file my_file_36.txt (compact mmCIF, C-alpha atoms and all ligand atoms)
# COMPACT_ATOMS: atom_id res chain seq x y z
CA MET D 1 -34.92 -12.34 46.53
CA ILE D 2 -34.96 -9.98 43.56
CA GLY D 3 -37.59 -12.33 42.12
CA HIS D 4 -40.12 -11.02 44.65
CA PHE D 5 -40.09 -7.62 43.02
CA PHE D 6 -38.82 -8.00 39.45
CA GLU D 7 -39.22 -10.71 36.87
CA VAL D 8 -35.91 -12.56 36.77
CA SER D 9 -35.46 -16.06 35.39
CA GLN D 10 -34.37 -18.86 37.68
CA SER D 11 -31.16 -19.38 35.73
CA ILE D 12 -30.13 -15.71 36.01
CA GLN D 13 -30.89 -15.75 39.73
CA GLU D 14 -28.67 -18.80 40.15
CA GLN D 15 -25.87 -17.22 38.13
CA ALA D 16 -26.16 -14.10 40.29
CA GLU D 17 -25.92 -16.19 43.47
CA ARG D 18 -22.80 -17.86 42.12
CA ALA D 19 -21.24 -14.56 41.10
CA LEU D 20 -21.92 -13.15 44.54
CA LYS D 21 -20.15 -16.06 46.23
CA ARG D 22 -17.09 -15.57 44.00
CA CYS D 23 -17.01 -11.88 44.98
CA SER D 24 -16.98 -12.37 48.75
CA GLY D 25 -13.20 -12.09 49.21
CA VAL D 26 -12.99 -8.99 47.01
CA PHE D 27 -15.97 -7.45 48.81
CA ALA D 28 -14.21 -7.87 52.15
CA GLN D 29 -11.26 -5.85 50.79
CA ILE D 30 -13.59 -3.17 49.42
CA GLU D 31 -15.32 -2.89 52.80
CA GLU D 32 -11.99 -2.52 54.55
CA ILE D 33 -10.98 0.35 52.26
CA SER D 34 -14.39 1.96 52.70
CA GLU D 35 -14.16 1.82 56.48
CA TYR D 36 -10.67 3.31 56.38
CA ASN D 37 -11.75 6.19 54.14
CA ALA D 38 -15.01 6.82 55.99
CA THR D 39 -13.05 7.09 59.24
CA LYS D 40 -10.50 9.39 57.61
CA VAL D 41 -13.36 11.66 56.47
CA LEU D 42 -15.03 11.57 59.89
CA ALA D 43 -11.77 12.55 61.58
CA ALA D 44 -11.25 15.46 59.17
CA PHE D 45 -14.76 16.78 59.92
CA GLY D 46 -13.90 16.75 63.61
CA HIS D 47 -10.45 18.32 63.24
CA GLN D 48 -11.85 21.17 61.15
CA HIS D 49 -14.69 21.82 63.62
CA VAL D 50 -17.51 21.34 61.13
CA SER D 51 -20.67 22.68 62.73
CA GLU D 52 -24.24 23.34 61.74
CA SER D 53 -23.53 27.04 61.23
CA HIS D 54 -21.39 26.08 58.20
CA PHE D 55 -24.50 24.93 56.36
CA ALA D 56 -26.10 28.38 56.30
CA GLY D 57 -25.58 29.72 52.81
CA THR D 58 -24.35 33.17 51.87
CA THR D 59 -25.43 35.37 48.97
CA GLY D 60 -23.74 38.06 46.89
CA TYR D 61 -19.96 38.17 47.27
CA GLY D 62 -19.96 35.56 50.00
CA TYR D 63 -17.16 37.28 51.94
CA GLY D 64 -16.09 35.31 54.98
CA ASP D 65 -18.32 32.34 54.21
CA ARG D 66 -17.13 29.99 56.95
CA GLY D 67 -18.79 26.97 55.42
CA ARG D 68 -16.84 27.48 52.21
CA GLU D 69 -13.55 27.93 54.05
CA THR D 70 -14.12 24.97 56.33
CA LEU D 71 -15.10 22.68 53.47
CA ASP D 72 -11.87 23.62 51.66
CA ALA D 73 -9.93 22.71 54.80
CA VAL D 74 -11.76 19.39 55.20
CA VAL D 75 -11.07 18.43 51.59
CA ALA D 76 -7.41 19.41 51.93
CA GLU D 77 -7.01 17.26 55.04
CA ILE D 78 -8.75 14.23 53.50
CA PHE D 79 -6.56 14.37 50.41
CA GLY D 80 -3.37 15.10 52.35
CA ALA D 81 -3.06 18.41 50.51
CA GLU D 82 -1.99 21.89 51.64
CA ASP D 83 -5.16 23.53 50.37
CA ALA D 84 -8.26 22.91 48.29
CA LEU D 85 -10.87 24.70 46.24
CA ILE D 86 -14.22 22.89 46.30
CA ARG D 87 -17.04 24.88 44.74
CA HIS D 88 -20.53 24.39 43.39
CA ASN D 89 -19.52 27.00 40.80
CA PHE D 90 -17.52 24.45 38.86
CA VAL D 91 -20.07 23.39 36.26
CA SER D 92 -18.38 20.03 35.61
CA GLY D 93 -15.19 18.06 35.99
CA THR D 94 -13.99 19.45 32.68
CA HIS D 95 -14.47 22.98 34.00
CA ALA D 96 -12.48 22.23 37.16
CA ILE D 97 -9.63 20.67 35.15
CA THR D 98 -9.71 23.58 32.70
CA THR D 99 -9.49 26.03 35.60
CA ALA D 100 -6.44 24.19 36.92
CA LEU D 101 -4.76 24.10 33.50
CA PHE D 102 -5.33 27.80 32.78
CA GLY D 103 -4.52 28.57 36.40
CA VAL D 104 -0.95 27.31 36.28
CA LEU D 105 0.06 27.42 32.59
CA ARG D 106 1.37 30.57 30.88
CA PRO D 107 2.16 31.35 27.23
CA GLY D 108 5.19 29.42 26.03
CA ASP D 109 4.79 26.74 28.70
CA ARG D 110 4.71 23.08 27.85
CA ILE D 111 2.29 20.44 29.13
CA VAL D 112 3.02 16.74 28.66
CA SER D 113 0.37 14.08 29.09
CA LEU D 114 2.06 10.94 30.41
CA THR D 115 -1.02 8.74 29.97
CA GLY D 116 -1.69 9.15 26.27
CA LEU D 117 -4.61 11.05 24.85
CA PRO D 118 -6.61 12.79 27.62
CA TYR D 119 -10.35 12.38 28.16
CA ASP D 120 -12.47 13.55 25.21
CA THR D 121 -13.79 16.78 26.68
CA LEU D 122 -10.26 18.01 27.45
CA GLN D 123 -9.05 17.77 23.89
CA PRO D 124 -10.68 21.05 22.78
CA VAL D 125 -9.32 22.67 25.96
CA LEU D 126 -5.78 21.69 25.03
CA GLY D 127 -6.47 22.65 21.41
CA ILE D 128 -5.62 19.23 19.99
CA VAL D 129 -9.03 19.01 18.32
CA GLU D 130 -11.11 21.83 16.88
CA GLY D 131 -14.33 22.73 18.57
CA GLY D 132 -13.88 25.55 20.99
CA SER D 133 -12.53 29.02 21.22
CA GLY D 134 -9.79 30.09 23.61
CA SER D 135 -7.90 26.80 23.89
CA LEU D 136 -4.53 26.55 25.62
CA LYS D 137 -3.01 26.26 22.16
CA GLU D 138 -4.47 29.64 21.20
CA PHE D 139 -2.77 31.06 24.28
CA GLY D 140 0.58 29.63 23.16
CA VAL D 141 0.79 26.61 25.44
CA VAL D 142 2.50 23.65 23.80
CA TYR D 143 0.95 20.19 24.23
CA GLU D 144 2.98 17.00 24.04
CA GLN D 145 2.04 13.42 24.72
CA LEU D 146 3.76 10.27 25.88
CA ASP D 147 1.67 7.38 24.67
CA LEU D 148 0.85 4.38 26.80
CA LEU D 149 2.58 1.17 25.78
CA ALA D 150 0.78 -1.38 23.62
CA ASP D 151 -0.42 -3.24 26.73
CA GLY D 152 -1.93 -0.03 28.12
CA SER D 153 0.67 0.51 30.84
CA PRO D 154 2.62 3.77 31.32
CA ASP D 155 5.88 4.19 29.42
CA TYR D 156 8.06 4.58 32.52
CA ASP D 157 11.28 4.59 30.48
CA GLY D 158 10.06 7.50 28.39
CA ILE D 159 9.12 9.78 31.28
CA ALA D 160 12.47 11.45 32.01
CA GLN D 161 12.89 12.59 28.42
CA ALA D 162 9.24 13.58 28.04
CA VAL D 163 9.10 15.88 31.06
CA SER D 164 12.54 17.46 30.71
CA ARG D 165 11.12 20.81 29.52
CA ALA D 166 7.57 20.49 30.87
CA LYS D 167 5.84 22.96 33.16
CA VAL D 168 3.03 20.47 33.76
CA ALA D 169 3.20 16.67 33.77
CA TYR D 170 -0.39 15.51 33.34
CA LEU D 171 -1.85 12.14 34.33
CA GLN D 172 -5.31 10.66 34.02
CA ARG D 173 -6.07 8.14 36.78
CA SER D 174 -9.19 6.56 35.31
CA ARG D 175 -9.52 4.56 32.14
CA GLY D 176 -12.34 6.90 31.13
CA TYR D 177 -14.05 5.39 28.13
CA SER D 178 -11.20 3.34 26.77
CA LEU D 179 -10.18 -0.25 27.43
CA ARG D 180 -6.80 0.73 28.92
CA GLU D 181 -6.25 -0.03 32.58
CA SER D 182 -6.72 2.64 35.20
CA LEU D 183 -3.67 3.85 37.10
CA SER D 184 -3.24 2.48 40.60
CA ILE D 185 -1.91 4.76 43.34
CA ALA D 186 1.27 2.66 43.33
CA GLN D 187 1.74 3.39 39.62
CA ILE D 188 1.03 7.10 40.17
CA GLU D 189 3.65 7.10 42.95
CA ARG D 190 6.22 5.55 40.61
CA ILE D 191 5.45 8.09 37.89
CA CYS D 192 5.70 11.00 40.38
CA THR D 193 9.11 9.78 41.53
CA LEU D 194 10.38 9.55 37.95
CA VAL D 195 9.04 13.01 37.07
CA ARG D 196 10.65 14.55 40.18
CA GLN D 197 14.03 12.98 39.42
CA ALA D 198 14.00 14.23 35.84
CA ASN D 199 12.44 17.66 36.44
CA PRO D 200 11.99 18.75 40.07
CA ASP D 201 10.08 21.89 39.02
CA ALA D 202 7.42 20.17 36.94
CA ILE D 203 3.89 20.47 38.33
CA ILE D 204 2.33 17.03 38.51
CA MET D 205 -1.40 17.35 37.82
CA VAL D 206 -3.75 14.37 38.05
CA ASP D 207 -7.24 14.10 36.57
CA ASN D 208 -8.65 12.22 39.57
CA CYS D 209 -12.17 11.72 38.17
CA TYR D 210 -13.76 8.40 39.18
CA GLY D 211 -10.78 7.53 41.40
CA GLU D 212 -11.56 9.19 44.74
CA PHE D 213 -11.85 6.80 47.69
CA VAL D 214 -11.32 3.66 45.59
CA GLU D 215 -7.96 3.18 47.32
CA LYS D 216 -6.75 4.35 50.74
CA ARG D 217 -4.44 7.02 49.40
CA GLU D 218 -5.00 9.77 46.85
CA PRO D 219 -2.44 11.01 44.30
CA THR D 220 -1.62 14.07 46.44
CA GLN D 221 -0.36 11.65 49.10
CA VAL D 222 2.16 10.07 46.75
CA GLY D 223 3.71 13.12 45.11
CA ALA D 224 1.10 14.80 42.90
CA ASP D 225 0.92 18.61 43.17
CA LEU D 226 -2.70 19.00 42.08
CA ILE D 227 -5.68 16.65 41.80
CA ILE D 228 -9.00 17.55 40.24
CA GLY D 229 -12.41 15.94 40.17
CA SER D 230 -16.15 16.29 39.76
CA LEU D 231 -18.80 16.34 42.50
CA ILE D 232 -21.35 14.46 40.42
CA LYS D 233 -18.90 11.57 40.61
CA ASN D 234 -17.26 9.94 43.66
CA PRO D 235 -16.60 12.82 46.10
CA GLY D 236 -20.15 14.23 45.83
CA GLY D 237 -21.49 11.01 47.30
CA GLY D 238 -24.62 11.23 45.14
CA ILE D 239 -25.78 14.19 47.20
CA ALA D 240 -23.88 17.25 45.92
CA LYS D 241 -26.01 18.68 43.14
CA THR D 242 -23.15 20.03 41.04
CA GLY D 243 -19.56 21.20 41.40
CA GLY D 244 -15.95 20.16 41.40
CA TYR D 245 -12.75 20.44 43.37
CA ILE D 246 -9.04 21.09 43.01
CA ALA D 247 -6.67 20.09 45.83
CA GLY D 248 -2.93 20.32 46.23
CA ARG D 249 -0.07 22.75 46.81
CA ALA D 250 -1.23 26.04 48.36
CA ASP D 251 0.56 28.30 45.85
CA LEU D 252 -1.03 26.45 42.95
CA ILE D 253 -4.50 26.46 44.53
CA GLU D 254 -4.16 30.24 44.80
CA GLN D 255 -3.38 30.42 41.07
CA CYS D 256 -6.39 28.23 40.30
CA ALA D 257 -8.64 30.36 42.53
CA CYS D 258 -7.48 33.50 40.70
CA ARG D 259 -8.47 31.85 37.47
CA LEU D 260 -11.87 30.65 38.77
CA THR D 261 -12.75 34.12 40.06
CA ALA D 262 -10.33 36.94 39.23
CA PRO D 263 -6.69 37.84 39.87
CA GLY D 264 -6.55 39.57 43.22
CA VAL D 265 -9.87 38.08 44.27
CA GLY D 266 -9.02 34.37 44.43
CA LYS D 267 -10.60 32.31 47.18
CA GLU D 268 -12.03 35.23 49.13
CA VAL D 269 -15.33 35.44 47.27
CA GLY D 270 -17.98 33.06 46.04
CA CYS D 271 -21.26 32.75 47.87
CA THR D 272 -22.45 29.25 48.60
CA LEU D 273 -26.20 29.91 48.33
CA GLY D 274 -27.70 26.78 49.87
CA GLU D 275 -25.17 24.31 48.53
CA SER D 276 -22.74 23.80 51.41
CA ARG D 277 -24.80 21.31 53.38
CA GLY D 278 -25.15 18.96 50.42
CA MET D 279 -21.45 19.22 49.65
CA PHE D 280 -20.46 18.43 53.26
CA MET D 281 -22.97 15.63 53.45
CA GLY D 282 -22.03 14.16 50.08
CA LEU D 283 -18.36 14.17 51.04
CA PHE D 284 -19.24 12.43 54.28
CA PHE D 285 -21.19 9.73 52.43
CA ALA D 286 -18.69 9.41 49.59
CA PRO D 287 -16.53 6.53 50.91
CA THR D 288 -19.53 4.25 51.45
CA VAL D 289 -21.18 5.34 48.21
CA VAL D 290 -17.95 4.52 46.39
CA GLU D 291 -18.00 1.15 48.19
CA SER D 292 -21.46 0.49 46.69
CA ALA D 293 -20.29 1.54 43.24
CA VAL D 294 -17.16 -0.61 43.35
CA LYS D 295 -19.13 -3.62 44.59
CA THR D 296 -21.61 -3.10 41.76
CA ALA D 297 -18.74 -3.03 39.26
CA VAL D 298 -17.09 -6.14 40.71
CA PHE D 299 -20.38 -8.04 40.76
CA ALA D 300 -21.12 -7.06 37.15
CA SER D 301 -17.67 -8.23 36.16
CA ALA D 302 -18.12 -11.63 37.82
CA LEU D 303 -21.65 -12.17 36.51
CA PHE D 304 -21.01 -11.14 32.91
CA GLU D 305 -17.82 -13.15 32.77
CA GLN D 306 -19.85 -16.21 33.83
CA LEU D 307 -22.34 -15.38 31.10
CA GLY D 308 -19.52 -15.50 28.53
CA PHE D 309 -18.55 -11.87 27.93
CA PRO D 310 -15.08 -10.32 28.05
CA VAL D 311 -14.94 -7.89 31.00
CA TYR D 312 -12.42 -5.17 31.94
CA PRO D 313 -11.22 -5.40 34.61
CA ARG D 314 -11.92 -8.94 35.80
CA PHE D 315 -13.75 -9.14 39.12
CA ASP D 316 -10.66 -9.99 41.16
CA GLN D 317 -8.23 -7.58 39.52
CA PRO D 318 -7.14 -4.56 41.59
CA ARG D 319 -9.30 -1.51 40.93
CA ALA D 320 -8.35 2.13 40.66
CA ASP D 321 -11.71 3.57 39.64
CA ILE D 322 -15.43 2.73 39.61
CA ILE D 323 -15.70 1.88 35.91
CA GLN D 324 -16.55 -1.55 34.55
CA ALA D 325 -16.44 -2.32 30.85
CA VAL D 326 -18.35 -5.28 29.41
CA GLU D 327 -17.72 -6.24 25.81
CA LEU D 328 -21.15 -7.19 24.47
CA GLY D 329 -20.13 -7.73 20.85
CA SER D 330 -23.26 -6.68 18.95
CA VAL D 331 -25.81 -3.89 18.60
CA LYS D 332 -28.60 -6.09 19.96
CA ARG D 333 -26.66 -7.16 23.01
CA LEU D 334 -25.40 -3.68 23.88
CA THR D 335 -28.93 -2.35 23.54
CA ALA D 336 -30.38 -5.15 25.69
CA PHE D 337 -27.75 -4.51 28.37
CA CYS D 338 -28.59 -0.81 28.61
CA VAL D 339 -32.34 -1.52 28.56
CA GLY D 340 -31.82 -3.79 31.58
CA VAL D 341 -29.65 -1.31 33.51
CA GLN D 342 -32.32 1.34 32.93
CA ARG D 343 -34.96 -0.93 34.52
CA GLY D 344 -32.88 -0.88 37.68
CA ALA D 345 -32.91 2.93 37.93
CA PRO D 346 -34.93 4.63 40.66
CA VAL D 347 -35.77 7.53 38.35
CA ASP D 348 -37.03 6.89 34.81
CA GLY D 349 -36.83 3.15 35.41
CA PHE D 350 -39.88 2.72 33.18
CA VAL D 351 -38.32 4.15 29.99
CA THR D 352 -36.47 2.26 27.27
CA PRO D 353 -33.16 3.72 26.09
CA GLU D 354 -32.41 3.80 22.36
CA PRO D 355 -29.25 4.55 20.40
CA TRP D 356 -29.08 8.15 19.17
CA ASP D 357 -26.80 10.47 17.19
CA MET D 358 -25.02 12.29 19.97
CA PRO D 359 -23.29 15.50 18.87
CA GLY D 360 -19.53 15.06 18.58
CA TYR D 361 -19.58 11.28 18.13
CA ASP D 362 -18.98 9.48 14.85
CA SER D 363 -21.27 6.58 15.74
CA GLN D 364 -24.57 6.34 17.57
CA VAL D 365 -24.44 6.13 21.36
CA ILE D 366 -26.79 4.37 23.76
CA MET D 367 -27.09 5.45 27.38
CA ALA D 368 -28.87 4.08 30.40
CA ALA D 369 -29.25 6.53 33.24
CA GLY D 370 -31.97 7.26 35.69
CA ALA D 371 -30.49 9.52 38.29
CA PHE D 372 -31.55 12.01 40.93
CA THR D 373 -28.88 14.36 39.58
CA MET D 374 -28.76 14.86 35.85
CA GLY D 375 -25.70 13.18 34.36
CA ALA D 376 -24.42 11.95 37.72
CA SER D 377 -22.25 8.97 36.95
CA ILE D 378 -21.80 8.01 40.61
CA GLU D 379 -25.39 6.86 40.18
CA LEU D 380 -25.81 3.62 38.23
CA SER D 381 -25.38 4.34 34.55
CA ALA D 382 -24.13 2.60 31.44
CA ASP D 383 -23.33 3.74 27.96
CA GLY D 384 -21.53 2.69 24.86
CA PRO D 385 -20.93 3.73 21.26
CA MET D 386 -22.55 1.59 18.57
CA ARG D 387 -19.31 0.37 17.06
CA GLU D 388 -16.83 -2.47 17.55
CA PRO D 389 -16.41 -3.97 20.09
CA TYR D 390 -19.89 -2.89 21.24
CA ALA D 391 -18.73 -2.43 24.80
CA ALA D 392 -20.78 -0.95 27.60
CA TRP D 393 -19.06 1.23 30.18
CA MET D 394 -20.91 0.94 33.41
CA GLN D 395 -20.36 2.88 36.58
CA GLY D 396 -21.98 3.94 39.80
CA GLY D 397 -24.61 2.60 42.10
CA ILE D 398 -25.22 4.82 45.13
CA THR D 399 -26.57 1.87 47.12
CA TRP D 400 -25.35 -1.69 46.76
CA PRO D 401 -28.83 -3.31 46.64
CA SER D 402 -29.90 -1.04 43.78
CA GLY D 403 -26.60 -1.45 41.93
CA LYS D 404 -26.86 -5.22 42.26
CA ALA D 405 -30.46 -5.15 40.99
CA GLY D 406 -29.43 -3.07 37.96
CA VAL D 407 -26.72 -5.58 37.05
CA ILE D 408 -29.07 -8.57 37.42
CA LEU D 409 -31.72 -6.81 35.33
CA ALA D 410 -29.13 -6.18 32.62
CA ALA D 411 -28.45 -9.93 32.50
CA GLN D 412 -32.18 -10.66 32.52
CA SER D 413 -32.70 -8.27 29.62
CA LEU D 414 -30.10 -10.16 27.53
CA TYR D 415 -31.81 -13.41 28.50
CA GLU D 416 -35.21 -12.12 27.42
CA ALA D 417 -33.77 -10.93 24.12
CA GLY D 418 -32.36 -14.42 23.53
CA GLU D 419 -28.89 -12.84 23.44
CA LEU D 420 -26.97 -14.82 26.05
CA PRO D 421 -24.13 -16.75 24.43
CA GLU D 422 -24.40 -20.54 24.49
CA ARG D 423 -22.26 -21.88 27.32
C1 LIG D 501 -15.84 12.57 33.94
C2 LIG D 501 -14.42 12.78 33.60
C3 LIG D 501 -13.90 14.04 33.33
C4 LIG D 501 -14.73 15.30 33.38
O1 LIG D 501 -15.96 15.12 32.84
P1 LIG D 501 -17.25 16.04 33.09
O2 LIG D 501 -18.27 15.26 32.35
O3 LIG D 501 -16.93 17.34 32.49
O4 LIG D 501 -17.51 16.13 34.54
C5 LIG D 501 -12.57 14.14 33.04
N1 LIG D 501 -11.79 13.07 33.01
C6 LIG D 501 -12.23 11.83 33.30
C7 LIG D 501 -11.31 10.67 33.28
C8 LIG D 501 -13.56 11.64 33.60
O5 LIG D 501 -14.01 10.43 33.89
call {"tool": "encode", "arguments": {"input": "my_file_36.txt", "output": "structure tokens"}}
result
Amino acid sequence: MIGHFFEVSQSIQEQAERALKRCSGVFAQIEEISEYNATKVLAAFGHQHVSESHFAGTTGYGYGDRGRETLDAVVAEIFGAEDALIRHNFVSGTHAITTALFGVLRPGDRIVSLTGLPYDTLQPVLGIVEGGSGSLKEFGVVYEQLDLLADGSPDYDGIAQAVSRAKVAYLQRSRGYSLRESLSIAQIERICTLVRQANPDAIIMVDNCYGEFVEKREPTQVGADLIIGSLIKNPGGGIAKTGGYIAGRADLIEQCACRLTAPGVGKEVGCTLGESRGMFMGLFFAPTVVESAVKTAVFASALFEQLGFPVYPRFDQPRADIIQAVELGSVKRLTAFCVGVQRGAPVDGFVTPEPWDMPGYDSQVIMAAGAFTMGASIELSADGPMREPYAAWMQGGITWPSGKAGVILAAQSLYEAGELPER
């Protein structure tokens, strides 16, 4: 079918057909999770009496903005949390996580990451790399880290000791841009239980980026005190134009709100301009958009494995986020992959990505992205650093047909470049 609209070789089309057949059982599971989550979201909208009047934006202080308050309540209910803070004012996921960290940590406190080194952009926030001013370290917060084991799994035996004096126990659900495995909700539940036993007062904070709606439960439903994420990823459903959220224990949300705005002001201010409707709508769409993204990832995994490339995770492995890594193995292949993904983009599908010297990286990086929202990684995108093992990290796909097309075009691009391994 894709051959009607794009040039795709017969052999790639046949491989894609085969990959699709192998995925059918996994797809049925993904659809079941999506239906569960979509129904959960629908019910929360009803319970919280979402109405059209909530979409009217406020200006200035935004006192008594009912859309803002209702959206917080909807998010809290969906995530099984006491309260939530979902705002377009969060400029990124990093900003939301930073707000949560500075919201609950005080000088002399200790934070322990239980999943190894946190995501790149959080390292200057913690003060474990140079690069910014006003890090937690500058404010006298001590950072410690429990590394993952050699196989990438959490060091369960080390948790009790690691958190014994911690104010915050910090977890990252997604693999981010490493080849470790993402944490399943079952693993997060086990970690939460171990942290609670060892230190009942520790605040369990989870970087939930890329994980929302991939499983039926969220970390706040298995013991986490705070979860944080970005609205240009899963929970924005490809519609929210910017923003982030924090959800969890009410007393901690209050502390985070006082950090986002000002002590004494907290959640009571913050006009929504015209952003509420898109945030409600994106949240409503999010479970089915995540379904499209996860199907795209699974399909890519099956197809590129057939074509002879190592893939992480494999198509039939359980998933905890929307990320798919494909180890391409050379500059030419990584470039061809990204060129193909770009051809499948609805915006800027006609341009050819090239590796470039991205600030803060020690090797060149290539990126394929053609999104309605700049940098939105819930939309189909792929990138990778030009170094061993020349892996592409691919994520997103706000509709399944377009995600599927992007994956097939990536394979076609390798074919055209003469870069498919001999089978
Ligand atoms: C995307 C992401 C973040 C935050 O990134 P932003 O680009 O600032 O939105 C943090 N942690 C993980 C694991 C992520 O994937």
call {"tool": "residues_near_ligand", "arguments": {"input": "my_file_36.txt", "ligand": "ligand LIG 501 (chain D)", "cutoff": "6 Å", "atoms": "only C-alpha atoms and all ligand atoms", "output": "list of chain:residue names"}}
result
D:Ser92, D:Gly93, D:Thr94, D:Tyr119, D:Ser174, D:Gly176, D:Asp207, D:Cys209, D:Tyr210, D:Ser230
call {"tool": "closest_atom_pairs", "arguments": {"input": "my_file_36.txt", "of": "region 6-52 of chain D", "to": "region 296-305 of chain D", "cutoff": "10 Å", "atoms": "only C-alpha atoms", "output": "Markdown table"}}
result
| residue | atom | partner | partner_atom | distance |
| --- | --- | --- | --- | --- |
| D:Ile12 | CA | D:Leu303 | CA | 9.2 |
| D:Gln15 | CA | D:Leu303 | CA | 6.8 |
| D:Ala16 | CA | D:Leu303 | CA | 6.2 |
| D:Glu17 | CA | D:Leu303 | CA | 9.1 |
| D:Arg18 | CA | D:Leu303 | CA | 8.1 |
| D:Ala19 | CA | D:Leu303 | CA | 5.2 |
| D:Leu20 | CA | D:Phe299 | CA | 6.5 |
| D:Lys21 | CA | D:Phe299 | CA | 9.7 |
| D:Arg22 | CA | D:Ala302 | CA | 7.4 |
| D:Cys23 | CA | D:Phe299 | CA | 6.6 |
| D:Ser24 | CA | D:Phe299 | CA | 9.7 |
| D:Val26 | CA | D:Val298 | CA | 8.0 |
| D:Phe27 | CA | D:Val298 | CA | 8.3 |
| D:Ile30 | CA | D:Val298 | CA | 9.8 |
call {"tool": "write_last_selection", "arguments": {"input": "my_file_36.txt", "atoms": "C-alpha atoms", "output": "PDB file, in the frame of the given file"}}
result
ATOM      1  CA  ILE D  12     -30.130 -15.710  36.010  1.00  0.00           C
ATOM      2  CA  GLN D  15     -25.870 -17.220  38.130  1.00  0.00           C
ATOM      3  CA  ALA D  16     -26.160 -14.100  40.290  1.00  0.00           C
ATOM      4  CA  GLU D  17     -25.920 -16.190  43.470  1.00  0.00           C
ATOM      5  CA  ARG D  18     -22.800 -17.860  42.120  1.00  0.00           C
ATOM      6  CA  ALA D  19     -21.240 -14.560  41.100  1.00  0.00           C
ATOM      7  CA  LEU D  20     -21.920 -13.150  44.540  1.00  0.00           C
ATOM      8  CA  LYS D  21     -20.150 -16.060  46.230  1.00  0.00           C
ATOM      9  CA  ARG D  22     -17.090 -15.570  44.000  1.00  0.00           C
ATOM     10  CA  CYS D  23     -17.010 -11.880  44.980  1.00  0.00           C
ATOM     11  CA  SER D  24     -16.980 -12.370  48.750  1.00  0.00           C
ATOM     12  CA  VAL D  26     -12.990  -8.990  47.010  1.00  0.00           C
ATOM     13  CA  PHE D  27     -15.970  -7.450  48.810  1.00  0.00           C
ATOM     14  CA  ILE D  30     -13.590  -3.170  49.420  1.00  0.00           C
TER      15      ILE D  30
END
call {"tool": "residues_around", "arguments": {"input": "my_file_36.txt", "residues": "region 192-205 of chain D", "least_positions_apart": "6", "cutoff": "6 Å", "atoms": "all atoms listed in the file", "output": "list in words"}}
result
Ala160, Ser164, Lys167, Val168, Ala169, Tyr170, Gly223, Ala224, Asp225, Leu226 and Ile227 of chain D
call {"tool": "closest_residue", "arguments": {"input": "my_file_36.txt", "among": "D:Gly384, D:Gly244, D:Pro318, D:Gly103", "to": "Ala257 (chain D)", "atoms": "all atoms listed in the file"}}
result
D:Gly103
call {"tool": "closest_atom_pairs", "arguments": {"input": "my_file_36.txt", "of": "region 283-396 of chain D", "to": "region 34-42 of chain D", "cutoff": "6 Å", "atoms": "only C-alpha atoms", "output": "CSV"}}
result
residue,atom,partner,partner_atom,distance
D:Pro287,CA,D:Ala38,CA,5.3
D:Thr288,CA,D:Ser34,CA,5.8
D:Glu291,CA,D:Ser34,CA,5.8
call {"tool": "atom_distance", "arguments": {"input": "my_file_36.txt", "atom1": "CA of Val74 (chain D)", "atom2": "CA of Leu105 (chain D)"}}
result
26.7 Å
call {"tool": "axis_aligned_box", "arguments": {"input": "my_file_36.txt", "around": "region 369-380 of chain D", "padding_each_side": "5 Å", "output": "lines of an AutoDock Vina configuration file"}}
result
center_x = -26.9
center_y = 9.2
center_z = 37.1
size_x = 20.2
size_y = 21.2
size_z = 17.7
call {"tool": "closest_residue", "arguments": {"input": "my_file_36.txt", "among": "D:Leu328, D:Ala186, D:Cys271, D:Val142", "to": "Glu215 (chain D)", "atoms": "only C-alpha atoms"}}
result
D:Ala186
call {"tool": "closest_residue", "arguments": {"input": "my_file_36.txt", "among": "D:Lys241, D:Tyr61, D:Lys404, D:Met394", "to": "Gly266 (chain D)", "atoms": "all atoms listed in the file"}}
result
D:Tyr61
call {"tool": "closest_residue", "arguments": {"input": "my_file_36.txt", "among": "D:Gly116, D:Gly274, D:Gly60, D:Gly67", "to": "Gln48 (chain D)", "atoms": "only C-alpha atoms"}}
result
D:Gly67
call {"tool": "residues_around", "arguments": {"input": "my_file_36.txt", "residues": "Ala382 (chain D)", "least_positions_apart": "5", "cutoff": "7 Å", "atoms": "all atoms listed in the file", "output": "MDAnalysis selection string"}}
result
chainID D and resid 338 367:369 392:395
call {"tool": "write_last_selection", "arguments": {"input": "my_file_36.txt", "atoms": "C-alpha atoms", "output": "JSON list (two decimals), in the frame of the given file"}}
result
[["chain", "number", "residue", "atom", "x", "y", "z"],
["D", 338, "CYS", "CA", -28.59, -0.81, 28.61],
["D", 367, "MET", "CA", -27.09, 5.45, 27.38],
["D", 368, "ALA", "CA", -28.87, 4.08, 30.40],
["D", 369, "ALA", "CA", -29.25, 6.53, 33.24],
["D", 392, "ALA", "CA", -20.78, -0.95, 27.60],
["D", 393, "TRP", "CA", -19.06, 1.23, 30.18],
["D", 394, "MET", "CA", -20.91, 0.94, 33.41],
["D", 395, "GLN", "CA", -20.36, 2.88, 36.58]]
call {"tool": "closest_residue", "arguments": {"input": "my_file_36.txt", "among": "D:Gly131, D:Glu268, D:Ile408, D:Pro235", "to": "Pro359 (chain D)", "atoms": "only C-alpha atoms"}}
result
D:Gly131
call {"tool": "closest_residue", "arguments": {"input": "my_file_36.txt", "among": "D:Ser113, D:Thr99, D:Gln324, D:Ser381", "to": "Leu179 (chain D)", "atoms": "all atoms listed in the file"}}
result
D:Gln324
call {"tool": "residues_near_point", "arguments": {"input": "my_file_36.txt", "point": "(-9.1, 22.8, 40.7)", "cutoff": "6 Å", "atoms": "only C-alpha atoms", "output": "list in words"}}
result
Ala96, Ile97, Ala100, Ile228, Tyr245 and Ile246 of chain D
